$ cat target20.tsv   # TSV, C-alpha atoms
chain	number	residue	atom	x	y	z
Y	1	MET	CA	84.55	87.71	-12.14
Y	2	THR	CA	84.89	91.44	-12.39
Y	3	LYS	CA	86.86	92.95	-9.57
Y	4	CYS	CA	85.69	96.20	-8.14
Y	5	GLY	CA	87.59	97.69	-5.30
Y	6	SER	CA	89.87	95.79	-3.05
Y	7	ASN	CA	87.75	92.92	-1.75
Y	8	PHE	CA	84.39	92.79	-3.46
Y	9	ASP	CA	83.49	91.32	-6.79
Y	10	THR	CA	80.34	92.20	-8.68
Y	11	ARG	CA	78.58	89.04	-7.56
Y	12	ALA	CA	79.15	89.95	-3.92
Y	13	LEU	CA	77.78	93.41	-4.56
Y	14	GLY	CA	74.77	91.83	-6.28
Y	15	ASN	CA	74.19	89.76	-3.15
Y	16	PHE	CA	74.35	92.98	-1.16
Y	17	VAL	CA	71.85	94.77	-3.39
Y	18	ASP	CA	69.48	91.80	-3.19
Y	19	GLY	CA	69.67	91.62	0.58
Y	20	GLN	CA	71.30	88.23	0.58
Y	21	LEU	CA	74.12	89.04	2.98
Y	22	GLY	CA	74.28	89.12	6.74
Y	23	ALA	CA	74.75	92.26	8.79
Y	24	ALA	CA	78.54	91.93	9.02
Y	25	HIS	CA	79.01	91.62	5.26
Y	26	ASN	CA	76.57	94.45	4.66
Y	27	ALA	CA	78.54	96.67	7.01
Y	28	ARG	CA	81.79	95.92	5.21
Y	29	ILE	CA	80.29	96.81	1.86
Y	30	ILE	CA	78.68	99.98	3.18
Y	31	LYS	CA	82.02	101.04	4.60
Y	32	ALA	CA	83.73	100.23	1.31
Y	33	MET	CA	81.12	102.32	-0.52
Y	34	GLU	CA	81.97	105.25	1.68
Y	35	ASP	CA	85.65	104.91	0.88
Y	36	ASP	CA	85.61	103.88	-2.76
Y	37	PRO	CA	83.65	105.74	-5.44
Y	38	GLU	CA	84.12	102.82	-7.83
Y	39	ILE	CA	82.24	100.52	-5.50
Y	40	ARG	CA	79.55	103.16	-5.05
Y	41	GLU	CA	79.13	103.36	-8.80
Y	42	ARG	CA	78.87	99.60	-9.19
Y	43	VAL	CA	76.28	99.33	-6.46
Y	44	TYR	CA	74.38	102.15	-8.11
Y	45	GLN	CA	74.40	100.31	-11.44
Y	46	LEU	CA	73.17	97.10	-9.83
Y	47	ARG	CA	70.37	98.96	-8.07
Y	48	ARG	CA	69.56	100.61	-11.36
Y	49	THR	CA	68.83	97.24	-12.93
Y	50	LYS	CA	66.40	96.45	-10.14
Y	51	ASP	CA	64.72	99.80	-10.58
Y	52	LEU	CA	64.52	99.30	-14.33
Y	53	MET	CA	62.86	95.92	-13.89
Y	54	LYS	CA	60.30	97.42	-11.55
Y	55	LEU	CA	59.72	100.29	-13.91
Y	56	GLY	CA	59.32	97.95	-16.87
Y	57	TYR	CA	56.89	95.54	-15.27
Y	58	GLY	CA	55.94	96.75	-11.80
Y	59	ASP	CA	52.71	98.43	-12.83
Y	60	LEU	CA	51.36	95.46	-14.73
Y	61	ARG	CA	48.12	93.97	-13.48
Y	62	THR	CA	46.37	90.89	-14.67
Y	63	PRO	CA	44.06	92.01	-17.45
Y	64	PRO	CA	40.37	92.06	-16.56
Y	65	GLY	CA	37.93	89.85	-18.40
Y	66	ASN	CA	38.39	86.49	-20.01
Y	67	THR	CA	41.67	86.87	-21.79
Y	68	ALA	CA	43.03	83.50	-20.88
Y	69	LYS	CA	42.22	80.40	-22.86
Y	70	SER	CA	42.00	78.09	-19.87
Y	71	LYS	CA	38.69	76.34	-19.57
Y	72	PHE	CA	38.73	76.37	-15.80
Y	73	ARG	CA	38.30	79.93	-14.60
Y	74	ILE	CA	40.06	79.93	-11.28
Y	75	TRP	CA	39.11	83.55	-10.71
Y	76	LYS	CA	35.46	82.60	-10.55
Y	77	LEU	CA	36.39	80.56	-7.53
Y	78	PHE	CA	37.93	83.63	-5.93
Y	79	SER	CA	34.88	85.71	-6.67
Y	80	THR	CA	32.63	83.28	-4.88
Y	81	VAL	CA	34.62	83.28	-1.64
K	1	MET	CA	46.05	73.38	0.89
K	2	ILE	CA	45.32	76.31	-1.36
K	3	ARG	CA	41.68	75.49	-1.80
K	4	ASN	CA	41.21	74.84	1.88
K	5	THR	CA	42.83	78.11	2.75
K	6	ILE	CA	40.94	79.97	0.07
K	7	CYS	CA	37.78	78.83	1.74
K	8	ALA	CA	39.24	79.68	5.13
K	9	GLY	CA	38.68	83.39	4.75
K	10	PRO	CA	39.16	86.63	2.92
K	11	ALA	CA	42.73	87.14	4.16
K	12	LEU	CA	44.07	84.30	2.12
K	13	LYS	CA	41.85	85.20	-0.77
K	14	ARG	CA	43.64	88.52	-0.77
K	15	GLU	CA	47.01	86.78	-0.59
K	16	ILE	CA	46.21	84.56	-3.55
K	17	ALA	CA	44.76	87.49	-5.48
K	18	ASP	CA	47.95	89.44	-4.80
K	19	SER	CA	50.04	86.53	-5.94
K	20	ARG	CA	48.10	86.52	-9.18
K	21	ASP	CA	49.55	89.90	-10.13
K	22	ARG	CA	53.03	88.89	-8.95
K	23	LEU	CA	52.90	85.76	-11.05
K	24	TYR	CA	51.50	87.72	-13.96
K	25	ARG	CA	54.34	90.27	-13.96
K	26	VAL	CA	56.92	87.50	-14.01
K	27	ALA	CA	55.06	85.54	-16.68
K	28	PHE	CA	54.68	88.65	-18.80
K	29	SER	CA	58.39	89.41	-18.58
K	30	TRP	CA	59.07	85.90	-19.87
K	31	CYS	CA	56.66	85.82	-22.78
K	32	ASN	CA	55.79	89.47	-23.60
K	33	ASP	CA	52.21	88.48	-24.32
K	34	ALA	CA	49.34	89.56	-22.09
K	35	MET	CA	46.99	86.73	-23.03
K	36	LEU	CA	49.65	84.07	-22.79
K	37	ALA	CA	50.88	85.41	-19.46
K	38	ASP	CA	47.35	85.33	-18.09
K	39	ASP	CA	46.94	81.81	-19.36
K	40	LEU	CA	50.21	80.65	-17.79
K	41	VAL	CA	49.25	82.18	-14.46
K	42	GLN	CA	45.86	80.51	-14.48
K	43	GLU	CA	47.46	77.22	-15.38
K	44	ALA	CA	49.91	77.61	-12.51
K	45	ILE	CA	47.14	78.34	-10.02
K	46	GLU	CA	45.02	75.48	-11.30
K	47	THR	CA	47.94	73.09	-11.04
K	48	GLY	CA	48.73	74.45	-7.60
K	49	ILE	CA	45.24	73.66	-6.41
K	50	ARG	CA	45.25	70.23	-7.99
K	51	LYS	CA	48.64	69.29	-6.51
K	52	ARG	CA	48.28	71.19	-3.26
K	53	ARG	CA	49.10	68.15	-1.15
K	54	GLN	CA	52.60	68.07	-2.63
K	55	LEU	CA	53.38	71.34	-0.91
K	56	ARG	CA	54.68	70.29	2.50
K	57	ASP	CA	55.87	73.67	3.71
K	58	GLU	CA	53.33	76.45	3.25
K	59	SER	CA	56.03	79.10	3.62
K	60	LYS	CA	57.33	77.89	0.28
K	61	LEU	CA	54.10	78.64	-1.53
K	62	PHE	CA	55.58	81.24	-3.84
K	63	PRO	CA	58.71	79.35	-4.93
K	64	TRP	CA	56.46	76.39	-5.51
K	65	LEU	CA	54.00	78.40	-7.59
K	66	TYR	CA	56.85	79.92	-9.58
K	67	ARG	CA	58.22	76.46	-10.27
K	68	ILE	CA	54.82	75.44	-11.61
K	69	LEU	CA	54.72	78.65	-13.65
K	70	SER	CA	58.17	77.93	-15.03
K	71	ASN	CA	57.14	74.39	-15.95
K	72	ALA	CA	54.06	75.74	-17.71
K	73	TRP	CA	56.21	78.22	-19.62
K	74	TYR	CA	58.65	75.55	-20.74
K	75	ALA	CA	55.79	73.27	-21.72
K	76	HIS	CA	54.46	76.09	-23.85
K	77	LEU	CA	57.87	76.66	-25.44
K	78	ARG	CA	58.15	72.97	-26.25
K	79	LYS	CA	54.69	72.99	-27.78
K	80	ASP	CA	55.23	76.13	-29.78
K	81	ARG	CA	58.66	76.09	-31.33
K	82	LYS	CA	57.87	79.34	-33.02
K	83	HIS	CA	58.72	80.99	-29.73
K	84	GLY	CA	62.33	80.54	-30.71
K	85	LEU	CA	61.74	83.89	-32.36
K	86	LEU	CA	60.79	85.43	-29.06
K	87	ASP	CA	64.07	87.27	-28.67
K	88	ASP	CA	63.28	89.24	-31.79
K	89	ASP	CA	59.72	89.99	-30.82
K	90	ILE	CA	58.48	93.46	-30.17
K	91	PRO	CA	57.28	93.93	-26.61
K	92	SER	CA	53.54	93.62	-26.20
K	93	GLU	CA	51.17	96.55	-26.28
K	94	GLU	CA	50.22	95.72	-22.71
K	95	MET	CA	51.71	98.82	-21.16
K	96	GLY	CA	50.09	100.50	-18.23
K	97	PRO	CA	49.13	103.90	-16.92
K	98	TYR	CA	52.23	105.97	-17.54
K	99	SER	CA	52.24	109.62	-16.89
K	100	SER	CA	54.47	110.78	-19.69
K	101	CYS	CA	55.75	109.76	-23.08
K	102	GLN	CA	59.27	109.70	-21.70
K	103	GLU	CA	58.29	107.21	-19.06
K	104	LEU	CA	56.46	105.12	-21.59
K	105	GLU	CA	59.48	105.13	-23.87
K	106	LEU	CA	61.71	104.06	-21.02
K	107	VAL	CA	59.35	101.22	-20.17
K	108	THR	CA	59.43	100.13	-23.80
K	109	ARG	CA	63.21	100.24	-23.82
K	110	VAL	CA	63.37	98.13	-20.66
K	111	ARG	CA	61.01	95.54	-22.07
K	112	THR	CA	62.88	95.43	-25.34
K	113	ALA	CA	66.15	94.93	-23.49
K	114	VAL	CA	64.71	92.26	-21.18
K	115	ALA	CA	63.09	90.45	-24.10
K	116	SER	CA	66.45	90.24	-25.81
K	117	LEU	CA	68.12	88.54	-22.84
K	118	PRO	CA	68.69	84.80	-23.06
K	119	GLU	CA	65.78	82.82	-21.65
K	120	ASP	CA	67.65	81.48	-18.62
K	121	GLN	CA	68.85	84.95	-17.62
K	122	ARG	CA	65.42	86.49	-18.12
K	123	GLN	CA	63.86	83.92	-15.84
K	124	VAL	CA	66.27	84.51	-13.01
K	125	ILE	CA	66.25	88.30	-13.07
K	126	SER	CA	62.44	88.30	-13.21
K	127	LEU	CA	62.09	85.97	-10.27
K	128	VAL	CA	64.51	88.03	-8.15
K	129	ASP	CA	63.45	91.55	-9.10
K	130	LEU	CA	59.76	91.06	-9.88
K	131	GLY	CA	58.90	87.89	-8.00
K	132	GLY	CA	60.79	88.99	-4.91
K	133	LEU	CA	62.34	85.57	-4.37
K	134	GLN	CA	65.54	84.91	-2.45
K	135	TYR	CA	68.35	83.24	-4.36
K	136	CYS	CA	67.71	79.92	-2.63
K	137	GLU	CA	64.04	80.14	-3.57
K	138	VAL	CA	64.92	80.81	-7.20
K	139	ALA	CA	67.25	77.81	-7.11
K	140	GLU	CA	64.39	75.75	-5.76
K	141	ALA	CA	61.84	77.09	-8.23
K	142	LEU	CA	64.04	76.48	-11.27
K	143	GLU	CA	65.74	73.40	-9.86
K	144	ILE	CA	69.24	74.74	-10.45
K	145	PRO	CA	72.19	75.27	-8.08
K	146	ILE	CA	72.30	78.57	-6.21
K	147	GLY	CA	75.66	79.35	-7.82
K	148	THR	CA	73.97	79.13	-11.22
K	149	VAL	CA	71.31	81.55	-10.00
K	150	MET	CA	73.98	84.07	-9.07
K	151	SER	CA	75.90	83.60	-12.31
K	152	ARG	CA	72.80	84.05	-14.45
K	153	LEU	CA	71.72	87.06	-12.44
K	154	TYR	CA	75.15	88.62	-12.78
K	155	ARG	CA	75.13	88.12	-16.56
K	156	ALA	CA	71.52	89.25	-16.88
K	157	ARG	CA	72.19	92.53	-15.11
K	158	LYS	CA	75.38	93.14	-17.03
K	159	ASP	CA	73.62	92.47	-20.33
K	160	LEU	CA	70.56	94.49	-19.36
K	161	LEU	CA	72.68	97.54	-18.58
K	162	ALA	CA	74.65	97.14	-21.79
K	163	ARG	CA	71.46	96.86	-23.85
K	164	MET	CA	69.86	99.80	-22.09
K	165	ASN	CA	72.91	101.93	-22.64
K	166	LYS	CA	73.05	101.25	-26.34
K	167	ALA	CA	69.33	100.90	-27.18
K	168	PRO	CA	68.46	103.73	-29.53
K	169	LEU	CA	65.22	105.32	-28.43
K	170	ALA	CA	64.24	106.36	-31.94
K	171	SER	CA	64.28	102.82	-33.25
K	172	VAL	CA	61.95	101.70	-30.49
K	173	ALA	CA	59.51	104.48	-31.20
K	174	ALA	CA	59.74	103.79	-34.92
K	175	ARG	CA	58.27	100.34	-34.35
K	176	GLY	CA	54.95	102.08	-33.88
K	177	ASN	CA	54.02	99.81	-31.03
K	178	ILE	CA	53.60	102.40	-28.33
K	179	ARG	CA	50.15	102.98	-26.99
K	180	LEU	CA	49.10	104.99	-24.00
K	181	VAL	CA	46.53	103.36	-21.76
K	182	GLU	CA	44.54	105.63	-19.51

$ encode --input "target20.tsv" --output "structure tokens"
Amino acid sequence: MTKCGSNFDTRALGNFVDGQLGAAHNARIIKAMEDDPEIRERVYQLRRTKDLMKLGYGDLRTPPGNTAKSKFRIWKLFSTV
Amino acid sequence: MIRNTICAGPALKREIADSRDRLYRVAFSWCNDAMLADDLVQEAIETGIRKRRQLRDESKLFPWLYRILSNAWYAHLRKDRKHGLLDDDIPSEEMGPYSSCQELELVTRVRTAVASLPEDQRQVISLVDLGGLQYCEVAEALEIPIGTVMSRLYRARKDLLARMNKAPLASVAARGNIRLVE
């Protein structure tokens, strides 16, 4: 695992970016980000991947009309509610 | 459960309708095909309704639906071995309302980079970043250990950044597959 800074590996920083850590761990990483520009940069890069994913696909909406091949049109059920 | 709650009122109808787009974004990132993604999502919802009694905890609706979606995707891959070529495919024309050519080009680069990720990595990063699932929910949806989720996510992000950093913009544009949708 790639080491970045004194105590945090990239996986731990990924957990931080994804909101998977508790308050105490978050606080430690935030403090480390304040002290260590390398950690800041790695967190930035991880957040960048999340932003890129949202940019790449976030605006997609299910196409209107009957594009799907399924015989059972579940959306007709929705429209009748 | 789903059908009962659909009939229970417009609030849940809205929730299911919202989940349709969430499922669609994830499905699209897996297959890069608008029609196929729509089909997979419909199949997932249909299966969800049919097997609704298997869902014991309603708070796990989304992981459960994503698991069904994942099963549908793998069933499709098994049926259509030609999808082994997926990694070389050009991202679909299904783009979206982008305000500038630069933004559109960036979107194309992202989709090209994501499409070139290994299947297992693509699934995990999509479920976390587009599906909004927690790691434990991804583990549940894909029936893999949570450590595997983290490893795949770590590799996916590393690879995505590497591909984004080296993807030449001109070659993407030269594919002639960019179309603005108003």

$ atom_distance --input "target20.tsv" --atom1 "CA of Arg157 in chain K" --atom2 "CA of Glu43 in chain K"
29.1 Å

$ interface_residues --input "target20.tsv" --of "chain K" --to "chain Y" --cutoff "7 Å" --atoms "only C-alpha atoms" --output "JSON, numbers by chain"
{"K": [7, 13, 21, 24, 25, 35, 36, 38, 39, 42, 46, 96, 107, 110, 111, 129, 130, 150, 154, 157, 161]}

$ atom_distance --input "target20.tsv" --atom1 "CA of Leu160 in chain K" --atom2 "CA of Leu65 in chain K"
25.9 Å

$ atom_distance --input "target20.tsv" --atom1 "CA of Glu58 in chain K" --atom2 "CA of Ile45 in chain K"
14.8 Å

$ closest_residue --input "target20.tsv" --among "K:Gln102, K:Ser70, K:Gln121, K:Asn165" --to "Ser151 in chain K" --atoms "all atoms listed in the file"
K:Gln121

$ residues_around --input "target20.tsv" --residues "range 21-32 of chain Y" --least-positions-apart "6" --cutoff "12 Å" --atoms "only C-alpha atoms" --output "ChimeraX atom specification"
/Y:4-15,38-43 /K:134-135

$ decode --input "target20.tsv" --residues "range 12-45 of chain Y" --atoms "N, CA and C atoms" --output "PDB file, in the first residue's frame"
ATOM      1  N   ALA Y  12      -6.683   4.405   3.594  1.00  0.00           N
ATOM      2  CA  ALA Y  12      -7.290   5.131   4.722  1.00  0.00           C
ATOM      3  C   ALA Y  12      -7.810   6.489   4.261  1.00  0.00           C
ATOM      4  N   LEU Y  13      -7.046   7.122   3.398  1.00  0.00           N
ATOM      5  CA  LEU Y  13      -7.505   8.423   2.889  1.00  0.00           C
ATOM      6  C   LEU Y  13      -8.739   8.255   2.009  1.00  0.00           C
ATOM      7  N   GLY Y  14      -8.795   7.142   1.273  1.00  0.00           N
ATOM      8  CA  GLY Y  14      -9.991   6.846   0.480  1.00  0.00           C
ATOM      9  C   GLY Y  14     -11.204   6.674   1.379  1.00  0.00           C
ATOM     10  N   ASN Y  15     -11.007   5.973   2.498  1.00  0.00           N
ATOM     11  CA  ASN Y  15     -12.101   5.825   3.467  1.00  0.00           C
ATOM     12  C   ASN Y  15     -12.566   7.186   3.980  1.00  0.00           C
ATOM     13  N   PHE Y  16     -11.601   8.060   4.183  1.00  0.00           N
ATOM     14  CA  PHE Y  16     -11.917   9.416   4.645  1.00  0.00           C
ATOM     15  C   PHE Y  16     -12.748  10.165   3.597  1.00  0.00           C
ATOM     16  N   VAL Y  17     -12.291  10.116   2.367  1.00  0.00           N
ATOM     17  CA  VAL Y  17     -12.985  10.827   1.289  1.00  0.00           C
ATOM     18  C   VAL Y  17     -14.400  10.282   1.093  1.00  0.00           C
ATOM     19  N   ASP Y  18     -14.573   8.996   1.320  1.00  0.00           N
ATOM     20  CA  ASP Y  18     -15.887   8.378   1.126  1.00  0.00           C
ATOM     21  C   ASP Y  18     -16.761   8.437   2.373  1.00  0.00           C
ATOM     22  N   GLY Y  19     -16.275   9.096   3.404  1.00  0.00           N
ATOM     23  CA  GLY Y  19     -17.093   9.233   4.608  1.00  0.00           C
ATOM     24  C   GLY Y  19     -17.278   7.946   5.374  1.00  0.00           C
ATOM     25  N   GLN Y  20     -16.270   7.090   5.317  1.00  0.00           N
ATOM     26  CA  GLN Y  20     -16.393   5.785   5.955  1.00  0.00           C
ATOM     27  C   GLN Y  20     -15.782   5.743   7.355  1.00  0.00           C
ATOM     28  N   LEU Y  21     -15.193   6.843   7.779  1.00  0.00           N
ATOM     29  CA  LEU Y  21     -14.496   6.854   9.061  1.00  0.00           C
ATOM     30  C   LEU Y  21     -15.321   7.567  10.126  1.00  0.00           C
ATOM     31  N   GLY Y  22     -15.011   7.269  11.360  1.00  0.00           N
ATOM     32  CA  GLY Y  22     -15.658   7.956  12.463  1.00  0.00           C
ATOM     33  C   GLY Y  22     -15.037   9.329  12.691  1.00  0.00           C
ATOM     34  N   ALA Y  23     -15.648  10.067  13.602  1.00  0.00           N
ATOM     35  CA  ALA Y  23     -15.231  11.449  13.843  1.00  0.00           C
ATOM     36  C   ALA Y  23     -13.768  11.543  14.272  1.00  0.00           C
ATOM     37  N   ALA Y  24     -13.327  10.628  15.112  1.00  0.00           N
ATOM     38  CA  ALA Y  24     -11.954  10.699  15.628  1.00  0.00           C
ATOM     39  C   ALA Y  24     -10.937  10.515  14.504  1.00  0.00           C
ATOM     40  N   HIS Y  25     -11.191   9.524  13.647  1.00  0.00           N
ATOM     41  CA  HIS Y  25     -10.272   9.294  12.521  1.00  0.00           C
ATOM     42  C   HIS Y  25     -10.310  10.473  11.541  1.00  0.00           C
ATOM     43  N   ASN Y  26     -11.510  10.980  11.313  1.00  0.00           N
ATOM     44  CA  ASN Y  26     -11.625  12.147  10.427  1.00  0.00           C
ATOM     45  C   ASN Y  26     -10.785  13.313  10.954  1.00  0.00           C
ATOM     46  N   ALA Y  27     -10.888  13.535  12.246  1.00  0.00           N
ATOM     47  CA  ALA Y  27     -10.157  14.651  12.853  1.00  0.00           C
ATOM     48  C   ALA Y  27      -8.653  14.476  12.693  1.00  0.00           C
ATOM     49  N   ARG Y  28      -8.185  13.251  12.844  1.00  0.00           N
ATOM     50  CA  ARG Y  28      -6.743  12.999  12.701  1.00  0.00           C
ATOM     51  C   ARG Y  28      -6.285  13.295  11.277  1.00  0.00           C
ATOM     52  N   ILE Y  29      -7.108  12.892  10.330  1.00  0.00           N
ATOM     53  CA  ILE Y  29      -6.714  13.118   8.932  1.00  0.00           C
ATOM     54  C   ILE Y  29      -6.786  14.603   8.586  1.00  0.00           C
ATOM     55  N   ILE Y  30      -7.810  15.273   9.079  1.00  0.00           N
ATOM     56  CA  ILE Y  30      -7.914  16.714   8.812  1.00  0.00           C
ATOM     57  C   ILE Y  30      -6.706  17.456   9.392  1.00  0.00           C
ATOM     58  N   LYS Y  31      -6.329  17.047  10.580  1.00  0.00           N
ATOM     59  CA  LYS Y  31      -5.150  17.672  11.201  1.00  0.00           C
ATOM     60  C   LYS Y  31      -3.896  17.380  10.359  1.00  0.00           C
ATOM     61  N   ALA Y  32      -3.790  16.127   9.923  1.00  0.00           N
ATOM     62  CA  ALA Y  32      -2.623  15.760   9.107  1.00  0.00           C
ATOM     63  C   ALA Y  32      -2.608  16.540   7.798  1.00  0.00           C
ATOM     64  N   MET Y  33      -3.792  16.792   7.248  1.00  0.00           N
ATOM     65  CA  MET Y  33      -3.860  17.582   6.005  1.00  0.00           C
ATOM     66  C   MET Y  33      -3.368  19.010   6.235  1.00  0.00           C
ATOM     67  N   GLU Y  34      -3.664  19.525   7.402  1.00  0.00           N
ATOM     68  CA  GLU Y  34      -3.193  20.876   7.708  1.00  0.00           C
ATOM     69  C   GLU Y  34      -1.677  20.939   7.803  1.00  0.00           C
ATOM     70  N   ASP Y  35      -1.095  19.837   8.279  1.00  0.00           N
ATOM     71  CA  ASP Y  35       0.345  19.838   8.534  1.00  0.00           C
ATOM     72  C   ASP Y  35       1.174  19.350   7.355  1.00  0.00           C
ATOM     73  N   ASP Y  36       0.562  18.559   6.487  1.00  0.00           N
ATOM     74  CA  ASP Y  36       1.363  17.854   5.480  1.00  0.00           C
ATOM     75  C   ASP Y  36       0.780  18.087   4.076  1.00  0.00           C
ATOM     76  N   PRO Y  37       1.476  18.846   3.260  1.00  0.00           N
ATOM     77  CA  PRO Y  37       0.954  19.130   1.912  1.00  0.00           C
ATOM     78  C   PRO Y  37       0.839  17.878   1.044  1.00  0.00           C
ATOM     79  N   GLU Y  38       1.645  16.867   1.348  1.00  0.00           N
ATOM     80  CA  GLU Y  38       1.556  15.633   0.570  1.00  0.00           C
ATOM     81  C   GLU Y  38       0.217  14.939   0.809  1.00  0.00           C
ATOM     82  N   ILE Y  39      -0.195  14.941   2.060  1.00  0.00           N
ATOM     83  CA  ILE Y  39      -1.501  14.336   2.377  1.00  0.00           C
ATOM     84  C   ILE Y  39      -2.624  15.161   1.742  1.00  0.00           C
ATOM     85  N   ARG Y  40      -2.483  16.466   1.801  1.00  0.00           N
ATOM     86  CA  ARG Y  40      -3.494  17.326   1.154  1.00  0.00           C
ATOM     87  C   ARG Y  40      -3.626  16.987  -0.327  1.00  0.00           C
ATOM     88  N   GLU Y  41      -2.494  16.827  -0.970  1.00  0.00           N
ATOM     89  CA  GLU Y  41      -2.499  16.536  -2.403  1.00  0.00           C
ATOM     90  C   GLU Y  41      -3.160  15.179  -2.683  1.00  0.00           C
ATOM     91  N   ARG Y  42      -2.875  14.209  -1.848  1.00  0.00           N
ATOM     92  CA  ARG Y  42      -3.461  12.880  -2.083  1.00  0.00           C
ATOM     93  C   ARG Y  42      -4.975  12.888  -1.848  1.00  0.00           C
ATOM     94  N   VAL Y  43      -5.393  13.603  -0.855  1.00  0.00           N
ATOM     95  CA  VAL Y  43      -6.839  13.725  -0.624  1.00  0.00           C
ATOM     96  C   VAL Y  43      -7.484  14.448  -1.801  1.00  0.00           C
ATOM     97  N   TYR Y  44      -6.808  15.468  -2.283  1.00  0.00           N
ATOM     98  CA  TYR Y  44      -7.332  16.198  -3.441  1.00  0.00           C
ATOM     99  C   TYR Y  44      -7.493  15.260  -4.645  1.00  0.00           C
ATOM    100  N   GLN Y  45      -6.483  14.430  -4.875  1.00  0.00           N
ATOM    101  CA  GLN Y  45      -6.556  13.521  -6.027  1.00  0.00           C
ATOM    102  C   GLN Y  45      -7.693  12.505  -5.868  1.00  0.00           C
TER     103      GLN Y  45
END
